[in-house]
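Student: Below is the file work.txt, with compact mmCIF, C-alpha atoms and all ligand atoms.
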# COMPACT_ATOMS: atom_id res chain seq x y z
CA MET E 1 -12.39 13.36 -6.12
CA THR E 2 -13.96 10.18 -7.46
CA HIS E 3 -15.33 7.40 -5.31
CA HIS E 4 -15.38 3.81 -6.47
CA SER E 5 -17.09 1.98 -3.65
CA SER E 6 -18.91 -0.29 -6.12
CA LEU E 7 -15.65 -1.99 -7.03
CA ALA E 8 -15.07 -4.06 -3.90
CA PRO E 9 -12.07 -6.35 -4.37
CA THR E 10 -12.54 -10.10 -4.11
CA ALA E 11 -10.61 -12.19 -1.59
CA THR E 12 -8.75 -13.76 -4.49
CA ALA E 13 -7.69 -10.37 -5.82
CA LEU E 14 -6.42 -9.37 -2.37
CA GLU E 15 -4.42 -12.61 -2.13
CA ARG E 16 -2.85 -11.73 -5.49
CA VAL E 17 -1.82 -8.35 -4.07
CA VAL E 18 -0.04 -10.01 -1.13
CA ALA E 19 1.66 -12.53 -3.44
CA ALA E 20 2.82 -9.82 -5.86
CA CYS E 21 4.29 -7.76 -3.04
CA ARG E 22 6.22 -10.72 -1.61
CA GLU E 23 7.37 -11.78 -5.06
CA LEU E 24 8.87 -8.37 -5.81
CA ILE E 25 10.80 -8.39 -2.53
CA GLN E 26 12.07 -11.91 -3.25
CA THR E 27 13.03 -11.37 -6.87
CA ARG E 28 14.49 -7.90 -6.47
CA PHE E 29 16.40 -8.40 -3.22
CA HIS E 30 17.19 -12.15 -3.20
CA GLY E 31 16.63 -12.67 0.50
CA GLU E 32 18.31 -9.48 1.65
CA PRO E 33 16.79 -8.36 4.95
CA GLY E 34 15.62 -4.86 5.68
CA THR E 35 13.98 -4.54 2.28
CA GLY E 36 10.41 -3.90 1.32
CA ALA E 37 7.91 -3.23 -1.40
CA ALA E 38 4.35 -2.19 -2.02
CA ALA E 39 1.57 -3.51 -4.24
CA VAL E 40 -1.74 -2.01 -5.22
CA LEU E 41 -4.85 -3.36 -6.91
CA LEU E 42 -6.31 -1.16 -9.64
CA GLY E 43 -9.89 -0.84 -10.79
CA ASP E 44 -9.20 -2.83 -13.95
CA GLY E 45 -7.98 -5.78 -11.85
CA SER E 46 -4.31 -5.31 -12.58
CA ILE E 47 -1.68 -5.10 -9.85
CA LEU E 48 1.15 -2.60 -9.72
CA THR E 49 4.17 -3.05 -7.48
CA GLY E 50 6.85 -0.65 -6.39
CA THR E 51 9.86 -0.16 -4.18
CA SER E 52 12.26 2.64 -3.36
CA PRO E 53 16.02 2.74 -2.76
CA ASP E 54 17.79 4.09 0.29
CA PHE E 55 18.92 7.35 -1.27
CA PRO E 56 22.34 8.78 -0.28
CA ASN E 57 20.58 11.75 1.30
CA PRO E 58 18.01 10.21 3.68
CA SER E 59 15.81 13.30 3.52
CA THR E 60 14.92 12.33 -0.05
CA THR E 61 13.43 8.98 0.96
CA VAL E 62 10.05 8.09 -0.49
CA CYS E 63 7.71 5.27 0.52
CA HIS E 64 7.47 2.05 -1.46
CA GLU E 65 3.88 2.98 -2.27
CA THR E 66 4.94 6.09 -4.19
CA GLU E 67 5.73 4.32 -7.46
CA PRO E 68 2.42 2.46 -7.81
CA TYR E 69 0.40 5.44 -6.55
CA LEU E 70 1.88 7.67 -9.25
CA ALA E 71 1.51 4.98 -11.90
CA ALA E 72 -2.19 4.60 -11.03
CA PHE E 73 -2.63 8.30 -11.79
CA ARG E 74 -0.71 7.95 -15.05
CA LEU E 75 -2.98 5.05 -16.04
CA ASN E 76 -6.10 6.91 -14.87
CA GLN E 77 -7.09 3.93 -12.70
CA PRO E 78 -8.64 3.95 -9.23
CA ILE E 79 -6.72 2.18 -6.46
CA LEU E 80 -8.89 -0.44 -4.77
CA ALA E 81 -6.34 -1.89 -2.34
CA SER E 82 -2.83 -1.03 -1.12
CA LEU E 83 -0.25 -3.08 0.75
CA CYS E 84 3.30 -2.53 2.02
CA LEU E 85 5.54 -5.34 3.32
CA HIS E 86 8.91 -5.22 5.07
CA ARG E 87 11.24 -8.21 5.14
CA THR E 88 13.05 -8.77 8.43
CA ASP E 89 16.43 -10.41 9.01
CA ASN E 90 14.70 -13.65 10.02
CA ASP E 91 12.85 -13.74 6.70
CA ARG E 92 9.47 -12.64 7.95
CA PHE E 93 7.28 -10.21 6.06
CA LEU E 94 5.89 -7.58 8.37
CA VAL E 95 2.77 -5.76 7.25
CA LEU E 96 3.29 -1.99 7.37
CA SER E 97 0.13 0.07 7.44
CA PRO E 98 0.28 3.17 5.22
CA CYS E 99 2.12 6.11 6.78
CA GLY E 100 0.39 9.45 7.21
CA ILE E 101 1.75 10.79 3.94
CA CYS E 102 0.59 7.74 2.00
CA GLN E 103 -2.83 8.05 3.63
CA GLU E 104 -3.01 11.61 2.32
CA ARG E 105 -2.02 10.37 -1.14
CA LEU E 106 -4.42 7.44 -1.15
CA ILE E 107 -7.40 9.53 -0.01
CA LEU E 108 -7.40 10.89 -3.58
CA HIS E 109 -9.31 7.65 -4.26
CA GLY E 110 -11.81 8.27 -1.47
CA PRO E 111 -12.17 6.52 1.89
CA ASP E 112 -13.03 3.12 0.42
CA PRO E 113 -9.72 1.64 -0.81
CA LEU E 114 -8.67 -1.29 1.35
CA VAL E 115 -5.31 -0.98 3.08
CA GLY E 116 -3.27 -3.81 4.54
CA VAL E 117 -2.69 -3.51 8.27
CA PRO E 118 -1.02 -6.04 10.60
CA GLU E 119 -3.20 -8.42 12.52
CA ALA E 120 -3.09 -7.71 16.24
CA ASN E 121 -1.47 -11.02 17.22
CA ASP E 122 0.69 -11.64 14.16
CA ALA E 123 2.22 -8.70 12.27
CA THR E 124 2.98 -10.99 9.30
CA GLN E 125 -0.72 -11.54 8.66
CA VAL E 126 -2.61 -9.02 6.54
CA SER E 127 -5.87 -7.61 7.74
CA TRP E 128 -7.74 -5.47 5.19
CA VAL E 129 -9.56 -2.38 6.42
CA ARG E 130 -11.04 0.64 4.64
CA LEU E 131 -8.74 3.65 4.43
CA GLY E 132 -11.41 5.72 6.17
CA GLU E 133 -11.23 3.37 9.17
CA ILE E 134 -7.61 4.32 9.87
CA MET E 135 -8.33 8.04 9.38
CA PRO E 136 -11.19 8.68 11.82
CA TYR E 137 -10.13 12.27 12.41
CA TYR E 138 -9.13 13.15 8.86
CA TRP E 139 -8.50 16.88 8.97
CA PRO E 140 -10.87 18.17 6.19
CA SER E 141 -13.89 16.43 7.77
CA VAL E 142 -14.68 19.64 9.69
CA PHE E 143 -15.53 21.32 6.38
CA ASP E 144 -18.23 18.80 5.39
ZN ZN U 201 4.20 6.16 3.17
Represent the structure from my file as structure tokens, please.
Tutor:
Amino acid sequence: MTHHSSLAPTATALERVVAACRELIQTRFHGEPGTGAAAVLLGDGSILTGTSPDFPNPSTTVCHETEPYLAAFRLNQPILASLCLHRTDNDRFLVLSPCGICQERLILHGPDPLVGVPEANDATQVSWVRLGEIMPYYWPSVFD
């Protein structure tokens, strides 16, 4: 496991992550509600986006984050920030914090990647917190 805490993303880079995520939803789904996408910031400053279809067999569903998480491994790049957005039927973009499975995938990059979580009073506003902050009882911590 490699930690990259020295590569703290800038506010501008995080704004680019949000913009890239929204842009993919808009260009790929043309205003269709109930759609979503993810975007991640890599250590080299590039941004990867991803999305996933509703497969015929729902048990095969994967998160929107899956595509960029796997691509980061292919490119041998650390993930510095991760965001998932969901478009509602009234054209709002809700911030979805990473699910438990995505947290387990992202922890490959240590506890320092920033993850987008909804602001308490407005779920369309992104608040960035360290992955470790949303995993205070991460299961392997008893072995440290
Ligand atoms: Zn997930």
Student: Of the candidates E:Asn121, E:Asn90, E:Thr49, E:Gln103, which shows the shortest atom-to-atom distance to ligand ZN 201 (chain U), using all atoms listed in the file?
Tutor: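 Nearest candidate to ligand ZN 201 (chain U) out of E:Asn121, E:Asn90, E:Thr49, E:Gln103: E:Gln103.
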Student: Counting all atoms listed in the file, which residues come within 12 Å of (-0.1, 3.4, -10.0), with the point read in the file's coordinates, and could you list them as a PyMOL selection string?
Tutor: chain E and resi 38-44+46-50+64-82+105-106+109
Student: Could you give me, as a Markdown table, every chain E residue with an atom at most 6 Å from ligand ZN 201 (chain U), plus its closest atom pair and distance in Å to one decimal, counting only C-alpha atoms and all ligand atoms, rows ordered by chain then number?
Tutor:
| residue | atom | partner | partner_atom | distance |
| --- | --- | --- | --- | --- |
| E:Cys63 | CA | U:ZN201 | ZN | 4.5 |
| E:Pro98 | CA | U:ZN201 | ZN | 5.3 |
| E:Cys99 | CA | U:ZN201 | ZN | 4.2 |
| E:Ile101 | CA | U:ZN201 | ZN | 5.3 |
| E:Cys102 | CA | U:ZN201 | ZN | 4.1 |
Student: What does the distance between CA of Ile107 (chain E) and CA of Ala19 (chain E) come to in Å, to one decimal place?
Tutor: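 Taking CA of Ile107 (chain E) and CA of Ala19 (chain E), their separation equals 24.1 Å.
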Student: Can you tell me how far CA of Pro136 (chain E) sits from CA of Gly116 (chain E), in Å to one decimal?
Tutor: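 Computed distance, CA of Pro136 (chain E) to CA of Gly116 (chain E), equals 16.5 Å.
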Student: Around (-9.5, -3.6, 8.3) in the file's frame, which residues reach within 8 Å when counting only C-alpha atoms? Return as a list in words?
Tutor: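 Residues close enough to count: Leu114, Val115, Gly116, Val117, Ser127, Trp128, Val129, Arg130 and Glu133 of chain E.
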Student: Output the selection as an mmCIF file, keeping the file's coordinate frame - C-alpha atoms for each residue.
Tutor:
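Once everything was written out, this is part_27.cif:
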data_model
loop_
_atom_site.group_PDB
_atom_site.id
_atom_site.type_symbol
_atom_site.label_atom_id
_atom_site.label_comp_id
_atom_site.auth_asym_id
_atom_site.auth_seq_id
_atom_site.Cartn_x
_atom_site.Cartn_y
_atom_site.Cartn_z
ATOM 1 C CA LEU E 114 -8.670 -1.290 1.350
ATOM 2 C CA VAL E 115 -5.310 -0.980 3.080
ATOM 3 C CA GLY E 116 -3.270 -3.810 4.540
ATOM 4 C CA VAL E 117 -2.690 -3.510 8.270
ATOM 5 C CA SER E 127 -5.870 -7.610 7.740
ATOM 6 C CA TRP E 128 -7.740 -5.470 5.190
ATOM 7 C CA VAL E 129 -9.560 -2.380 6.420
ATOM 8 C CA ARG E 130 -11.040 0.640 4.640
ATOM 9 C CA GLU E 133 -11.230 3.370 9.170
#
Student: So, with all atoms listed in the file as the atoms that count, which of E:Val95, E:Pro111, E:Val17, E:Leu83 lies closest to Ser141 (chain E)?
Tutor: E:Pro111
Student: If we count only C-alpha atoms, what is near Arg22 (chain E) at a cut-off of 9 Å, once residues fewer than 2 positions away on the same chain are taken out, given as JSON, numbers by chain?
Tutor: {"E": [17, 18, 19, 20, 24, 25, 26, 27, 36, 37, 38, 39, 85, 87, 93]}
Student: With all atoms listed in the file as the atoms that count, which of E:Pro53, E:Gly34, E:Gly45, E:Pro140 lies nearest to Thr12 (chain E)?
Tutor: E:Gly45
Student: Find the distance between CA of Glu32 (chain E) and CA of Ser59 (chain E) and write it in Å to one decimal.
Tutor: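 The value is 23.0 Å.
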Student: Of the residues E:Pro56, E:Pro33, E:Gly100, E:Pro9, which is the one nearest to Trp139 (chain E), using all atoms listed in the file?
Tutor: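 Nearest candidate to Trp139 (chain E) out of E:Pro56, E:Pro33, E:Gly100, E:Pro9: E:Gly100.
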Student: Find the residue from E:Ser97, E:Thr10, E:Thr88, E:Asn57 that sits nearest to Ile134 (chain E); use all atoms listed in the file when measuring.
Tutor: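 Nearest candidate to Ile134 (chain E) out of E:Ser97, E:Thr10, E:Thr88, E:Asn57: E:Ser97.
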Student: For region 9-74 of chain E of the block above, can you save C-alpha atoms as a PDB file, in the first residue's frame?
Tutor:
ATOM      1  CA  PRO E   9      -5.109  18.585  -4.488  1.00  0.00           C
ATOM      2  CA  THR E  10      -5.641  22.294  -5.088  1.00  0.00           C
ATOM      3  CA  ALA E  11      -9.093  23.872  -4.909  1.00  0.00           C
ATOM      4  CA  THR E  12      -8.899  24.452  -8.644  1.00  0.00           C
ATOM      5  CA  ALA E  13      -8.187  20.786  -9.308  1.00  0.00           C
ATOM      6  CA  LEU E  14     -11.157  19.775  -7.155  1.00  0.00           C
ATOM      7  CA  GLU E  15     -13.407  22.183  -9.066  1.00  0.00           C
ATOM      8  CA  ARG E  16     -12.241  20.503 -12.281  1.00  0.00           C
ATOM      9  CA  VAL E  17     -13.276  17.133 -10.842  1.00  0.00           C
ATOM     10  CA  VAL E  18     -16.802  18.403 -10.139  1.00  0.00           C
ATOM     11  CA  ALA E  19     -17.054  19.989 -13.602  1.00  0.00           C
ATOM     12  CA  ALA E  20     -15.834  16.821 -15.340  1.00  0.00           C
ATOM     13  CA  CYS E  21     -18.348  14.679 -13.480  1.00  0.00           C
ATOM     14  CA  ARG E  22     -21.266  16.975 -14.374  1.00  0.00           C
ATOM     15  CA  GLU E  23     -20.093  17.244 -17.964  1.00  0.00           C
ATOM     16  CA  LEU E  24     -20.068  13.477 -18.440  1.00  0.00           C
ATOM     17  CA  ILE E  25     -23.623  13.191 -17.095  1.00  0.00           C
ATOM     18  CA  GLN E  26     -24.769  16.002 -19.386  1.00  0.00           C
ATOM     19  CA  THR E  27     -23.034  14.823 -22.542  1.00  0.00           C
ATOM     20  CA  ARG E  28     -23.712  11.122 -22.101  1.00  0.00           C
ATOM     21  CA  PHE E  29     -27.325  11.292 -20.903  1.00  0.00           C
ATOM     22  CA  HIS E  30     -28.631  14.555 -22.422  1.00  0.00           C
ATOM     23  CA  GLY E  31     -30.701  15.605 -19.439  1.00  0.00           C
ATOM     24  CA  GLU E  32     -32.084  12.169 -18.646  1.00  0.00           C
ATOM     25  CA  PRO E  33     -32.874  11.944 -14.928  1.00  0.00           C
ATOM     26  CA  GLY E  34     -31.807   9.116 -12.688  1.00  0.00           C
ATOM     27  CA  THR E  35     -28.343   9.014 -14.218  1.00  0.00           C
ATOM     28  CA  GLY E  36     -24.958   9.487 -12.668  1.00  0.00           C
ATOM     29  CA  ALA E  37     -21.230   9.406 -13.068  1.00  0.00           C
ATOM     30  CA  ALA E  38     -17.992   9.537 -11.151  1.00  0.00           C
ATOM     31  CA  ALA E  39     -14.757  11.459 -11.581  1.00  0.00           C
ATOM     32  CA  VAL E  40     -11.384  11.037  -9.949  1.00  0.00           C
ATOM     33  CA  LEU E  41      -8.253  13.163  -9.792  1.00  0.00           C
ATOM     34  CA  LEU E  42      -4.991  11.294 -10.383  1.00  0.00           C
ATOM     35  CA  GLY E  43      -1.536  12.058  -9.058  1.00  0.00           C
ATOM     36  CA  ASP E  44      -0.396  13.386 -12.432  1.00  0.00           C
ATOM     37  CA  GLY E  45      -3.209  15.968 -12.393  1.00  0.00           C
ATOM     38  CA  SER E  46      -5.368  14.242 -14.967  1.00  0.00           C
ATOM     39  CA  ILE E  47      -9.039  13.461 -14.379  1.00  0.00           C
ATOM     40  CA  LEU E  48     -10.742  10.200 -15.226  1.00  0.00           C
ATOM     41  CA  THR E  49     -14.500   9.852 -15.428  1.00  0.00           C
ATOM     42  CA  GLY E  50     -16.738   6.823 -15.493  1.00  0.00           C
ATOM     43  CA  THR E  51     -20.293   5.599 -15.436  1.00  0.00           C
ATOM     44  CA  SER E  52     -22.069   2.269 -15.430  1.00  0.00           C
ATOM     45  CA  PRO E  53     -25.220   0.993 -17.151  1.00  0.00           C
ATOM     46  CA  ASP E  54     -28.242  -0.543 -15.484  1.00  0.00           C
ATOM     47  CA  PHE E  55     -27.454  -4.134 -16.407  1.00  0.00           C
ATOM     48  CA  PRO E  56     -30.355  -6.499 -17.248  1.00  0.00           C
ATOM     49  CA  ASN E  57     -29.506  -8.553 -14.175  1.00  0.00           C
ATOM     50  CA  PRO E  58     -29.430  -6.025 -11.304  1.00  0.00           C
ATOM     51  CA  SER E  59     -27.111  -8.226  -9.253  1.00  0.00           C
ATOM     52  CA  THR E  60     -24.330  -7.381 -11.714  1.00  0.00           C
ATOM     53  CA  THR E  61     -24.520  -3.647 -11.032  1.00  0.00           C
ATOM     54  CA  VAL E  62     -21.252  -1.845 -10.402  1.00  0.00           C
ATOM     55  CA  CYS E  63     -20.702   1.672  -9.068  1.00  0.00           C
ATOM     56  CA  HIS E  64     -19.866   4.576 -11.344  1.00  0.00           C
ATOM     57  CA  GLU E  65     -16.503   4.800  -9.591  1.00  0.00           C
ATOM     58  CA  THR E  66     -15.463   1.339 -10.780  1.00  0.00           C
ATOM     59  CA  GLU E  67     -14.275   2.423 -14.226  1.00  0.00           C
ATOM     60  CA  PRO E  68     -11.948   5.220 -13.079  1.00  0.00           C
ATOM     61  CA  TYR E  69     -10.700   3.205 -10.094  1.00  0.00           C
ATOM     62  CA  LEU E  70      -9.632   0.354 -12.366  1.00  0.00           C
ATOM     63  CA  ALA E  71      -8.158   2.744 -14.926  1.00  0.00           C
ATOM     64  CA  ALA E  72      -6.050   4.398 -12.205  1.00  0.00           C
ATOM     65  CA  PHE E  73      -4.535   0.991 -11.469  1.00  0.00           C
ATOM     66  CA  ARG E  74      -3.926   0.363 -15.165  1.00  0.00           C
TER      67      ARG E  74
END
